[in-house]
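For reference, the structure discussed in these notes is given below.
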Amino acid sequence: MTTLTKRNRRSEAPTERLSNTEEKEEKADGTDEEQDTDSKSLRLTLMEEILLLGLKDKEVSLSLSHTHTHTCLGYTSFWNDSISSGLRGCILVELTLRGRVVVKSSAPTGDVLLDEALKHIKNTEPPEDVASWIELLTGETWNPLKLHFQIRNVRERLAKNLVEKGVLTTEKQNFLLFDMTTHPLTDSNEKERLIQRLQDSLLERWTNDSRRMNRRMLALILLAHASDVLESALASLPDDRYDTASSRSRGLLEADPDQESAKVTTPAEEMIWAVLAAFNKS
């Protein structure tokens with residue numbers, strides 16, 4: 001059972017990008033991640049990527065005579081009850097990819113959501129396992145003494161991050177009986193590049209071996225499924241390529257997390273499979 005632990009080190013000033021020292025340490029520990037080859041892409045967290053995949057950027061309503069298409073609505077589906085826990089799983093994986101839990105460091109990450117979760121994790125004794133942390137960060141606990149672990153308003157806070165990065169904007173939209181704050185896309189290219197990278201990883205860049213996949217992309221695929229946004233990311237593919245990509249993603253999702261964990265060489269891989277195991281049991 002994977003539990004979350006940390007070792008303290010001298011606190012660093014929060015930074016959006018890794019320092020040279022931190023890059024060297026992460027490479028030494030096997031947690032370095034290949035960068036997106038598209039230099040135009042922003043550095044988004046896994047949580048931001050999952051939210052971006054889940055945002056509705058168009059709505060189609062049918063009438064007898066014609067179809068009305070309203071673009072850039074900017075909200076997650078009302079029927080998606082998986083994305084909340086999926087985003088908390090993203091937080092755990094992102095922290096491990098950055099070397100903050102399981103590996104060594106309690107230094108701030110510069111991301112408010114990650115630092116909030118990290119504070120809970122490093123101050124909790126005895127350590128909780130991965131499945132418990134997903135439930136606690138989501139607020140799904142019957143223990144009133146642990147309700148303070150819940151990270152609140154995650155989707156709205158992530159959307160504001162994406163507004164600051166120029167990917168989304170903020171609007172008020174009327175939904176029949178009430179007004180709702182939405183976050184339509186301002187940069188559709190960023191979402192298109194994200195979807196293209198995900199599709200390519202299951203098609204042109206497919207390795208047929210999860211251990212040879214980029215760890216961040218492996219996590220994105222598994223967490224997109226857990227958050228119920230993977231199918232929509234593949235929906236634009238032609239039928240034959242959709243079938244191929246879906247089959248390969250199912251192969252990853254149907255892998256035995258315990259067997260895969262026995263093969264891992266980095267803490268990040270161990271965390272990815274531990275998160276999948278937690279969702280499989282939920």
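Letters A, B, ... go to the chains of the structure tokens in the order shown; residues in each chain start at 1; ligands are counted from 1 in the same order.
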(message) Quick check for you: according to DSSP on this backbone, which residues of segment 127-247 of chain A are classed as strand (DSSP E or B)? Reply as a PyMOL selection string.
(response) chain A and resi 129+168+171-175+178-182+185
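Distance check against Thr186 of chain A using only C-alpha atoms: of A:Gln199, A:Thr169, A:Ser82, A:Gln259, the minimum falls on A:Thr169.
With distances restricted to only C-alpha atoms, A:Trp206 is the closest residue to Ser247 of chain A from A:Pro126, A:Phe279, A:Trp206, A:Leu223.
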(request) Excluding Arg248 of chain A and any residue of its chain fewer than 6 positions from it, enumerate the residues within 10 Å of it, using only C-alpha atoms, and give them as a ChimeraX atom specification. (result) /A:201-203,206,208,242,254
Can you spit out the residues from that selection as a PDB file, in the first residue's frame, using N, CA and C atoms?
```
ATOM      1  N   SER A 201      -0.076  10.368 -28.473  1.00  0.00           N
ATOM      2  CA  SER A 201       0.545   9.408 -27.563  1.00  0.00           C
ATOM      3  C   SER A 201      -0.071   8.014 -27.702  1.00  0.00           C
ATOM      4  N   LEU A 202      -1.306   7.967 -28.169  1.00  0.00           N
ATOM      5  CA  LEU A 202      -1.995   6.682 -28.364  1.00  0.00           C
ATOM      6  C   LEU A 202      -1.949   6.213 -29.819  1.00  0.00           C
ATOM      7  N   LEU A 203      -1.368   7.030 -30.695  1.00  0.00           N
ATOM      8  CA  LEU A 203      -1.318   6.687 -32.123  1.00  0.00           C
ATOM      9  C   LEU A 203       0.119   6.759 -32.638  1.00  0.00           C
ATOM     10  N   TRP A 206       2.814   5.918 -29.999  1.00  0.00           N
ATOM     11  CA  TRP A 206       2.496   4.774 -29.145  1.00  0.00           C
ATOM     12  C   TRP A 206       3.713   3.854 -29.003  1.00  0.00           C
ATOM     13  N   ASN A 208       3.597   0.882 -26.879  1.00  0.00           N
ATOM     14  CA  ASN A 208       3.164  -0.464 -26.494  1.00  0.00           C
ATOM     15  C   ASN A 208       3.824  -0.932 -25.201  1.00  0.00           C
ATOM     16  N   TYR A 242     -10.005   6.289 -33.922  1.00  0.00           N
ATOM     17  CA  TYR A 242     -10.671   6.318 -32.622  1.00  0.00           C
ATOM     18  C   TYR A 242     -10.656   4.911 -32.000  1.00  0.00           C
ATOM     19  N   GLU A 254      -6.780  -1.269 -18.089  1.00  0.00           N
ATOM     20  CA  GLU A 254      -7.071  -2.616 -17.606  1.00  0.00           C
ATOM     21  C   GLU A 254      -5.841  -3.314 -17.038  1.00  0.00           C
TER      22      GLU A 254
END
```
Long-range neighbours of Ala131 of chain A as a PDB file with N, CA and C atoms, in the first residue's frame, 8 Å cut-off, only C-alpha atoms, 6 positions minimum in chain:
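Heads up, here's the output in around_2.pdb:
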```pdb
ATOM      1  N   ALA A 274      -0.705   3.755  -8.171  1.00  0.00           N
ATOM      2  CA  ALA A 274      -1.445   3.761  -6.900  1.00  0.00           C
ATOM      3  C   ALA A 274      -2.742   4.539  -7.037  1.00  0.00           C
ATOM      4  N   VAL A 275      -2.703   5.649  -7.774  1.00  0.00           N
ATOM      5  CA  VAL A 275      -3.923   6.434  -8.009  1.00  0.00           C
ATOM      6  C   VAL A 275      -4.921   5.640  -8.849  1.00  0.00           C
ATOM      7  N   ALA A 278      -6.583   3.121  -6.683  1.00  0.00           N
ATOM      8  CA  ALA A 278      -7.588   3.753  -5.811  1.00  0.00           C
ATOM      9  C   ALA A 278      -8.887   3.978  -6.552  1.00  0.00           C
ATOM     10  N   PHE A 279      -8.813   4.449  -7.790  1.00  0.00           N
ATOM     11  CA  PHE A 279     -10.030   4.683  -8.557  1.00  0.00           C
ATOM     12  C   PHE A 279     -10.704   3.362  -8.956  1.00  0.00           C
TER      13      PHE A 279
END
```
(message) Applying 8 Å and only C-alpha atoms, which residues near segment 44-49 of chain A remain after dropping the ones on its own chain fewer than 3 positions away? List them as a list in words.
(response) Leu52, Leu53, Leu87, Cys90, Ile91, Glu94, Leu158, Ala159, Asn161, Leu162, Leu194, Arg216 and Leu220 of chain A
(request) Tell me, as JSON, numbers by chain, which residues lie within 12 Å of segment 112-123 of chain A, counting only C-alpha atoms; anything in the same chain fewer than 6 positions away does not count. (result) {"A": [3, 4, 5, 6, 7, 8, 14, 15, 16, 45, 46, 47, 48, 87, 88, 89, 90, 91, 92, 93, 94, 95, 96, 97, 98, 99, 100, 101, 102, 104, 105, 106, 129, 130, 132, 133, 134, 136, 137, 138, 146, 147, 148, 149, 150, 151, 152, 153, 154, 155, 156, 157, 158, 160, 161]}
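In this comparison, which uses only C-alpha atoms, the residue of A:Ser261, A:Thr266, A:Ser227, A:Asn174 approaching Ser85 of chain A most closely is A:Ser227.
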What's around Ala245 of chain A at 12 Å? Count only C-alpha atoms, leave out sequence neighbours fewer than 4 positions away in its own chain, and write the answer as a short mmCIF file (atom, residue, chain, number, x, y, z; two decimals) with C-alpha atoms, in the first residue's frame.
```
data_model
loop_
_atom_site.label_atom_id
_atom_site.label_comp_id
_atom_site.auth_asym_id
_atom_site.auth_seq_id
_atom_site.Cartn_x
_atom_site.Cartn_y
_atom_site.Cartn_z
CA LEU A 198 -2.95 13.04 -26.03
CA GLN A 199 -4.14 11.52 -29.31
CA ASP A 200 -0.59 11.26 -30.68
CA SER A 201 0.54 9.41 -27.56
CA LEU A 202 -1.99 6.68 -28.36
CA LEU A 203 -1.32 6.69 -32.12
CA GLU A 204 1.86 8.00 -33.80
CA ARG A 205 3.91 7.99 -30.59
CA TRP A 206 2.50 4.77 -29.14
CA ASN A 208 3.16 -0.46 -26.49
CA ILE A 221 -4.49 9.44 -19.98
CA LEU A 230 -10.95 10.89 -22.08
CA GLU A 231 -13.65 9.88 -24.55
CA ALA A 233 -10.63 14.04 -26.10
CA LEU A 234 -10.65 11.21 -28.65
CA ALA A 235 -14.01 12.07 -30.21
CA SER A 236 -12.57 14.11 -33.10
CA LEU A 237 -10.66 11.12 -34.50
CA PRO A 238 -11.92 9.21 -37.57
CA ASP A 239 -13.60 5.93 -36.67
CA ASP A 240 -10.62 3.66 -37.37
CA ARG A 241 -8.15 5.84 -35.44
CA SER A 249 -6.11 3.35 -23.70
CA ARG A 250 -8.23 0.43 -22.46
CA GLY A 251 -5.08 -1.67 -22.39
CA LEU A 252 -3.49 0.84 -20.02
#
```
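Residue nearest Thr265 of chain A within the list A:Glu164, A:Pro184, A:Gln196, A:Ser210: A:Ser210 [criterion: smallest interatomic distance, only C-alpha atoms].
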